[in-house]
Structures are given as structure tokens and as C-alpha cells.
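Enquirer: Input file: protein.txt. Contents: compact mmCIF, C-alpha atoms.
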# COMPACT_ATOMS: atom_id res chain seq x y z
CA MET W 1457 58.67 54.01 135.29
CA ALA W 1458 60.46 56.29 132.89
CA SER W 1459 57.27 57.10 131.06
CA LEU W 1460 55.62 57.95 134.37
CA LEU W 1461 58.40 60.36 135.18
CA LEU W 1462 58.23 61.90 131.77
CA GLY W 1463 54.50 62.33 132.15
CA LYS W 1464 55.06 64.47 135.22
CA VAL W 1465 57.33 66.86 133.37
CA PRO W 1466 55.29 69.92 132.37
CA GLY W 1467 54.51 69.74 128.68
CA ARG W 1468 55.87 73.18 127.92
CA LEU W 1469 59.27 72.46 129.39
CA PHE W 1470 59.49 69.11 127.68
CA SER W 1471 58.65 70.52 124.25
CA SER W 1472 61.14 73.33 124.65
CA LEU W 1473 63.86 70.81 125.43
CA LYS W 1474 62.97 68.93 122.30
CA THR W 1475 63.12 71.98 120.06
CA THR W 1476 66.52 73.07 121.32
CA LYS W 1477 67.84 69.63 120.46
CA GLU W 1478 66.39 69.86 116.98
CA THR W 1479 67.79 73.29 116.28
CA HIS W 1480 71.16 72.07 117.47
CA THR W 1481 71.34 69.40 114.79
CA GLU W 1482 70.25 71.89 112.15
CA MET W 1483 72.78 74.46 113.26
CA SER W 1484 75.70 72.05 113.11
CA LYS W 1485 77.34 74.03 110.31
CA ASN W 1486 79.95 76.40 111.59
CA TYR W 1487 81.93 79.22 110.08
CA TYR W 1488 85.65 78.57 109.82
CA GLU W 1489 88.75 80.43 108.91
CA PHE W 1490 91.51 78.29 107.55
CA THR W 1491 95.10 79.22 106.79
CA TYR W 1492 97.73 76.87 105.43
CA ILE W 1493 101.27 77.08 104.15
CA ILE W 1494 102.33 75.19 101.04
CA ASN W 1495 105.92 74.01 100.67
CA PRO W 1496 107.74 76.61 98.56
CA VAL W 1497 110.03 74.04 96.92
CA LEU W 1498 107.43 73.23 94.27
CA GLU W 1499 106.68 74.30 90.77
CA GLU W 1500 104.19 77.11 90.15
CA ASP W 1501 101.39 74.84 88.94
CA LYS W 1502 101.75 72.66 92.02
CA PHE W 1503 100.51 75.52 94.22
CA LYS W 1504 97.35 75.81 92.15
CA GLU W 1505 96.92 72.05 92.24
CA THR W 1506 97.18 71.94 96.04
CA VAL W 1507 94.75 74.82 96.46
CA ASP W 1508 92.24 73.09 94.17
CA LYS W 1509 92.75 69.87 96.08
CA VAL W 1510 92.05 71.51 99.43
CA ASN W 1511 88.98 73.30 98.04
CA LYS W 1512 87.66 70.03 96.66
CA LEU W 1513 88.39 68.30 99.95
CA ILE W 1514 86.29 70.86 101.85
CA GLU W 1515 83.43 70.70 99.38
CA ASP W 1516 83.45 66.90 99.41
CA ASN W 1517 83.05 66.99 103.19
CA GLY W 1518 79.93 69.13 103.00
CA GLY W 1519 81.59 72.52 103.26
CA GLU W 1520 80.75 75.68 101.37
CA ILE W 1521 83.68 77.90 100.49
CA GLU W 1522 83.06 81.60 100.90
CA GLU W 1523 86.39 83.13 100.04
CA VAL W 1524 89.87 81.93 99.10
CA ASP W 1525 92.69 84.42 99.39
CA GLU W 1526 96.11 83.40 98.14
CA TRP W 1527 98.71 85.53 99.85
CA GLY W 1528 101.43 84.01 97.74
CA LEU W 1529 105.04 83.46 98.72
CA ARG W 1530 105.94 85.18 101.96
CA PRO W 1531 109.08 85.08 104.03
CA PHE W 1532 108.82 83.43 107.45
CA ALA W 1533 109.74 85.27 110.62
CA TYR W 1534 111.92 82.30 111.52
CA GLU W 1535 113.24 79.25 109.73
CA MET W 1536 110.63 76.53 109.42
CA ASP W 1537 111.68 73.03 108.32
CA SER W 1538 114.90 74.65 107.05
CA LYS W 1539 112.92 76.87 104.67
CA GLY W 1540 112.84 80.63 104.58
CA ASN W 1541 109.49 81.26 102.95
CA GLY W 1542 106.19 79.61 102.12
CA PHE W 1543 103.08 79.92 99.98
CA TYR W 1544 100.24 81.17 102.20
CA VAL W 1545 96.58 80.52 101.52
CA ASN W 1546 93.87 82.01 103.71
CA MET W 1547 90.25 80.98 103.29
CA TYR W 1548 86.80 81.16 104.86
CA PHE W 1549 84.15 78.48 104.65
CA THR W 1550 81.14 76.99 106.40
CA ALA W 1551 81.19 73.30 107.17
CA PRO W 1552 79.78 70.76 109.61
CA GLY W 1553 82.02 70.16 112.61
CA GLU W 1554 82.79 66.57 111.68
CA ALA W 1555 84.33 67.67 108.38
CA ILE W 1556 87.20 69.45 110.13
CA ALA W 1557 88.73 66.27 111.53
CA GLU W 1558 88.79 64.71 108.08
CA ILE W 1559 90.18 67.83 106.38
CA GLU W 1560 92.95 68.16 108.97
CA ARG W 1561 93.77 64.46 108.72
CA GLN W 1562 94.17 64.72 104.95
CA LEU W 1563 96.38 67.77 105.22
CA ARG W 1564 98.57 66.14 107.85
CA ILE W 1565 99.26 63.36 105.34
CA ASP W 1566 99.87 65.82 102.50
CA ASP W 1567 103.58 66.56 102.23
CA ASN W 1568 103.00 69.75 100.26
CA VAL W 1569 101.21 71.43 103.16
CA MET W 1570 103.69 72.49 105.80
CA ARG W 1571 101.30 73.94 108.37
CA TYR W 1572 97.64 74.74 108.78
CA LEU W 1573 95.49 76.59 111.29
CA THR W 1574 91.74 76.16 111.61
CA LEU W 1575 89.67 78.64 113.60
CA LYS W 1576 86.01 78.19 114.40
CA TYR W 1577 84.32 81.58 114.49
CA ASP W 1578 82.22 82.55 117.48
CA ALA W 1579 79.78 85.45 117.64
CA LYS W 1580 82.43 88.05 118.40
CA MET W 1581 84.72 86.88 115.64
CA LEU W 1582 81.80 86.84 113.20
CA ARG W 1583 81.01 90.45 114.04
CA HIS W 1584 84.65 91.30 113.50
CA ARG W 1585 84.54 89.48 110.16
CA GLU W 1586 81.52 91.53 109.08
CA LEU W 1587 83.47 94.69 109.85
CA GLN W 1588 86.41 93.30 107.92
CA LYS W 1589 84.24 92.70 104.85
CA LYS W 1590 82.95 96.26 105.01
CA ASN W 1591 86.49 97.48 105.64
CA GLU W 1592 85.39 99.16 108.85
CA VAL W 1593 87.75 97.60 111.37
CA PRO W 1594 88.53 100.38 113.85
CA ASP W 1595 92.13 101.49 113.82
CA ILE W 1596 93.40 101.27 117.36
CA PHE W 1597 96.18 103.77 116.81
CA ALA W 1598 93.96 106.35 115.10
CA ILE W 1599 93.32 108.19 118.35
CA GLU W 1600 96.96 108.66 119.20
CA ASP W 1601 97.58 110.04 122.68
CA GLU W 1602 95.12 112.87 122.57
CA GLU W 1603 94.66 112.73 126.31
CA ASP W 1604 98.12 114.25 126.63
CA ASN W 1605 96.63 117.72 126.37
CA GLU W 1606 93.78 117.00 128.71
CA GLU W 1607 93.83 118.52 132.13
CA ASP W 1608 92.41 116.66 135.03
CA ASP W 1609 90.80 118.71 137.71
CA ASP W 1610 90.63 116.91 141.00
CA MET J 630 100.63 113.83 143.94
CA ILE J 631 96.97 113.81 142.98
CA LYS J 632 95.84 115.64 146.08
CA ASN J 633 98.57 118.25 146.09
CA PRO J 634 97.43 121.05 143.74
CA SER J 635 100.87 122.58 143.47
CA HIS J 636 102.66 119.37 142.49
CA PRO J 637 104.88 120.12 139.48
CA LYS J 638 103.98 116.89 137.69
CA LYS J 639 100.28 117.29 138.20
CA ASN J 640 99.37 118.00 134.62
CA GLN J 641 101.80 115.46 133.26
CA ARG J 642 100.06 112.55 134.88
CA LYS J 643 99.05 110.23 132.08
CA VAL J 644 96.11 107.93 132.49
CA LYS J 645 96.76 104.62 130.80
CA GLN J 646 93.91 103.28 128.77
CA CYS J 647 93.44 100.09 126.82
CA LYS J 648 93.75 100.88 123.11
CA PHE J 649 91.55 97.96 122.10
CA THR J 650 88.74 98.99 124.44
CA ARG J 651 88.96 102.57 123.21
CA ALA J 652 88.62 101.46 119.60
CA GLY J 653 85.80 99.09 120.53
CA LEU J 654 87.53 96.06 119.09
CA GLU J 655 85.96 92.73 119.92
CA TYR J 656 88.45 90.34 118.39
CA ILE J 657 92.16 90.65 117.79
CA ASP J 658 93.16 89.17 114.45
CA TYR J 659 96.37 87.17 114.23
CA LYS J 660 96.78 88.28 110.60
CA ASP J 661 97.13 91.90 111.64
CA THR J 662 100.81 91.59 112.47
CA GLU J 663 101.47 95.33 112.22
CA THR J 664 99.26 95.93 115.23
CA LEU J 665 100.60 92.92 117.10
CA GLN J 666 104.14 94.11 116.56
CA ARG J 667 103.34 97.26 118.51
CA PHE J 668 102.66 95.10 121.55
CA THR J 669 105.90 93.15 121.41
CA ASN J 670 109.43 94.32 122.10
CA ASP J 671 112.28 94.10 119.60
CA GLN J 672 113.10 90.61 120.85
CA GLY J 673 109.61 89.50 119.90
CA LYS J 674 108.36 89.18 123.46
CA ILE J 675 104.82 90.18 124.34
CA LEU J 676 104.84 93.36 126.42
CA PRO J 677 103.21 93.17 129.84
CA ARG J 678 99.96 94.87 130.65
CA ARG J 679 101.65 97.28 133.03
CA VAL J 680 103.59 98.69 130.09
CA THR J 681 100.91 98.86 127.41
CA GLY J 682 97.87 99.48 129.61
CA THR J 683 95.86 96.82 127.80
CA SER J 684 92.78 95.54 129.61
CA ALA J 685 92.91 92.00 130.98
CA ARG J 686 90.39 90.73 128.45
CA HIS J 687 92.27 92.17 125.49
CA GLN J 688 95.63 91.07 126.83
CA ARG J 689 94.38 87.48 126.84
CA GLN J 690 93.15 87.86 123.26
CA LEU J 691 96.38 89.55 122.25
CA THR J 692 98.43 86.68 123.66
CA ILE J 693 96.42 84.15 121.68
CA ALA J 694 96.70 86.24 118.51
CA VAL J 695 100.47 86.60 118.86
CA LYS J 696 100.89 82.88 119.44
CA ARG J 697 98.81 82.04 116.38
CA ALA J 698 100.86 84.44 114.30
CA ARG J 699 104.04 82.83 115.60
CA PHE J 700 102.85 79.35 114.69
CA LEU J 701 102.22 80.41 111.11
CA GLY J 702 105.59 82.12 110.83
CA LEU J 703 104.10 85.60 110.63
CA MET J 704 105.88 86.70 113.81
CA PRO J 705 109.11 85.51 115.40
CA TYR J 706 109.31 83.36 118.51
CA VAL J 707 112.69 84.90 119.25
CA ALA J 708 114.39 87.65 117.31
CA ASP J 709 118.07 87.94 118.01
CA ASN J 710 119.03 91.56 118.02
CA LEU J 711 122.65 92.49 117.69
CA ARG J 712 124.41 93.10 120.94
As a first step, turn the structure in this file into C-alpha cells.

Expert:
Amino acid sequence: MASLLLGKVPGRLFSSLKTTKETHTEMSKNYYEFTYIINPVLEEDKFKETVDKVNKLIEDNGGEIEEVDEWGLRPFAYEMDSKGNGFYVNMYFTAPGEAIAEIERQLRIDDNVMRYLTLKYDAKMLRHRELQKKNEVPDIFAIEDEEDNEEDDD
Amino acid sequence: MIKNPSHPKKNQRKVKQCKFTRAGLEYIDYKDTETLQRFTNDQGKILPRRVTGTSARHQRQLTIAVKRARFLGLMPYVADNLR
């Protein structure tokens, strides 16, 4: 019965359905931005060790790291786990979606990592990222109140 | 006020416009705390749209960006200013 029904589906439509499914499995790698905070009450070499560990963790789960940016020790805007500052690391990578669950699970266990934030980039964010790389992000305060001098005639 | 040509405040009328739309920004980055700070008051609260003139779309993005920044300790949840 099922085959009969399938036979009635126009060939063109059926094949197009098939291809979209295929491309979906191929496109399963996404672009991610990942920021985490390392516990500041550690020795200098421990920071490096944790960063290497996270990088390895991502690569082991089929991710490709694009950029790692260590912001270093920064003060918090509020007290977090009775600490005043933390070691920030911001990074960008591509990885399959399933890898994220594993990476986050590992970091939740890790006592050295205080907090993390994973963002999956959509088309708009990717375009913004391209601008960021070229250093062409528009400054929203560049055009400061120039309509003050404008006269409206109505 | 708009229709009356002799109204004293006629030329002072300021048209509010969304700064993000004007700059053509598509995504508001939580890391850009300097910009985000301009849209919060000194207590750390997000300013309403009626004050800043931000478009609805960008206000939603702004809210998300501020909350992300707060989670990572880049911006305060509450800032106690001296009374």
C-alpha cells in the first residue's frame, strides 16, 4: 500500500524531498561562539592547561577551532561565587550539533570552569561576524544627533 | 503643534529614530558592553523603547544581548548607586 502511494507522488517532488534530506545531514556542522570563565584562584599555568583541555575536547568531538581569544583576567560586574574576577576565554569554532551537548557536559563537571555560554550562529550573526573580522562593524553612535539641525516642513 | 505653523516649538520637535536601524546593524553583540551600557540606566536597568527610540526588533535583540552580558559578569544585574 505504501509503495502504491509513493508511486503516485510525482517523481520530481519526491526526488527534491530526498535531496533536501541529504543536504541536511551534510550541513550538520554549525558555527559556534563559545565563551567561558576560568576560576581565577589558580596558578598561571593552570589557565593554559584548561584552555588546551577545552580545545582538545572540541577537536575530539569533531569540531574545528577557528579562533581562540584569551581576554585574560577581568573584573566581574557583580560578585560571582564569592569571586571578584575571572579568566575569560572567547572562541569560535565549527562543530556538529551533537558535540555541543558533550562539550557542555564536560565543562559542567570541570571545577575550573565557572561559567560558559555557547551561541549557535545564524545567518544574521554570521554576516555580523564577517563584518567583525574586517573590522567594519558600523558604529551606532557615529551619526550623533545630526537631525537636530534639520527643519521639517509640513 | 505640527499643524500650527507659528508654534514656538515647531522646529524643536525631535523625531526619534532607532540607532541600530540607522547604522544598519543586524545583530547586537553581547561583548560590546560599551554600546549596551548606553541603553541601560545607572542602576543597570534596560531603558524602555519609549526613551531610547529603539525599534521593536532591535529592542528584543538588545534585551537578549544585555542578559547574556549579565550572565557572563560583563554587566551588572543590579548596580547600587549611592543615595

Enquirer: Given the choices W:Asn1541, W:Pro1594, W:Phe1532, W:Glu1586, which gets closest to Met704 (chain J) if the distance is worked out from only C-alpha atoms?

Expert: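 Nearest candidate to Met704 (chain J) out of W:Asn1541, W:Pro1594, W:Phe1532, W:Glu1586: W:Phe1532.
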
Enquirer: Excluding Asp1595 (chain W) and residues on its chain fewer than 4 positions from it, collect all residues at most 10 Å away from it, counting only C-alpha atoms, and give them as a list in words.

Expert: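 Counting only C-alpha atoms, the residues come to Ile1599 of chain W; Lys648, Phe649, Arg651, Ala652, Gly653, Leu654 and Thr664 of chain J.
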
Enquirer: For chain W, report every residue with an atom at most 7 Å from chain J (counting all atoms listed in the file), formatted as a PyMOL selection string.

Expert: chain W and resi 1532-1534+1580-1581+1584+1594-1596+1604+1607

Enquirer: Could the residues in this selection be written to a file with C-alpha atoms, as a compact mmCIF listing (two decimals), in the coordinates of the input?

Expert:
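And here's selection19.txt as it stands now:
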# COMPACT_ATOMS: atom_id res chain seq x y z
CA PHE W 1532 108.82 83.43 107.45
CA ALA W 1533 109.74 85.27 110.62
CA TYR W 1534 111.92 82.30 111.52
CA LYS W 1580 82.43 88.05 118.40
CA MET W 1581 84.72 86.88 115.64
CA HIS W 1584 84.65 91.30 113.50
CA PRO W 1594 88.53 100.38 113.85
CA ASP W 1595 92.13 101.49 113.82
CA ILE W 1596 93.40 101.27 117.36
CA ASP W 1604 98.12 114.25 126.63
CA GLU W 1607 93.83 118.52 132.13

Enquirer: For CA of Thr1506 (chain W) and CA of Ile1556 (chain W), determine how far apart the two atoms are, in Å to one decimal place.

Expert: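 Between CA of Thr1506 (chain W) and CA of Ile1556 (chain W) the gap is 17.4 Å.
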
Enquirer: Rounded to one decimal, what separation in Å do you get between CA of Arg1585 (chain W) and CA of Arg679 (chain J)?

Expert: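 About the pair CA of Arg1585 (chain W) and CA of Arg679 (chain J): they are 29.6 Å apart.
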
Enquirer: Nearest to Met1570 (chain W) among W:Lys1590, W:Arg1583, W:Lys1539, W:Arg1530, with distances taken over only C-alpha atoms: which residue is it?

Expert: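 Closest residue, counting only C-alpha atoms: W:Lys1539.
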
Enquirer: Taking the point (112.6, 88.7, 123.4) as given in the file, collect each protein or nucleic acid residue that comes within 10 Å of it, counting all atoms listed in the file, and present the set as a list in words.

Expert: Thr669, Asn670, Asp671, Gln672, Gly673, Lys674, Ile675, Leu676, Pro705, Tyr706, Val707, Ala708, Asp709 and Asn710 of chain J

Enquirer: What would the file look like if the residues just selected were written as a PDB file, in the coordinates of the input with C-alpha atoms?

Expert:
ATOM      1  CA  THR J 669     105.900  93.150 121.410  1.00  0.00           C
ATOM      2  CA  ASN J 670     109.430  94.320 122.100  1.00  0.00           C
ATOM      3  CA  ASP J 671     112.280  94.100 119.600  1.00  0.00           C
ATOM      4  CA  GLN J 672     113.100  90.610 120.850  1.00  0.00           C
ATOM      5  CA  GLY J 673     109.610  89.500 119.900  1.00  0.00           C
ATOM      6  CA  LYS J 674     108.360  89.180 123.460  1.00  0.00           C
ATOM      7  CA  ILE J 675     104.820  90.180 124.340  1.00  0.00           C
ATOM      8  CA  LEU J 676     104.840  93.360 126.420  1.00  0.00           C
ATOM      9  CA  PRO J 705     109.110  85.510 115.400  1.00  0.00           C
ATOM     10  CA  TYR J 706     109.310  83.360 118.510  1.00  0.00           C
ATOM     11  CA  VAL J 707     112.690  84.900 119.250  1.00  0.00           C
ATOM     12  CA  ALA J 708     114.390  87.650 117.310  1.00  0.00           C
ATOM     13  CA  ASP J 709     118.070  87.940 118.010  1.00  0.00           C
ATOM     14  CA  ASN J 710     119.030  91.560 118.020  1.00  0.00           C
TER      15      ASN J 710
END

Enquirer: List every protein, DNA or RNA residue with an atom no more than 10 Å from (109.2, 82.2, 101.8) in the file's coordinates, counting only C-alpha atoms, and format the result as a list in words.

Expert: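 The requested residues, written out, are Ile1493, Ile1494, Asn1495, Pro1496, Val1497, Gly1528, Leu1529, Arg1530, Pro1531, Phe1532, Ala1533, Glu1535, Met1536, Lys1539, Gly1540, Asn1541, Gly1542, Phe1543 and Tyr1544 of chain W; Gly702 of chain J.
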
Enquirer: Would you mind reading off the distance between CA of Lys1512 (chain W) and CA of Asn1591 (chain W), one decimal, in Å?

Expert: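 Pair CA of Lys1512 (chain W) / CA of Asn1591 (chain W) returns 28.9 Å.
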
Enquirer: As AutoDock Vina command-line options, please report the centre and edge lengths, rounded to one decimal in Å, of the axis-aligned box that holds all listed atoms of region 662-668 of chain J with 3 Å of padding on each of the six sides.

Expert:
--center_x 101.7 --center_y 94.4 --center_z 116.9 --size_x 10.9 --size_y 11.7 --size_z 15.3
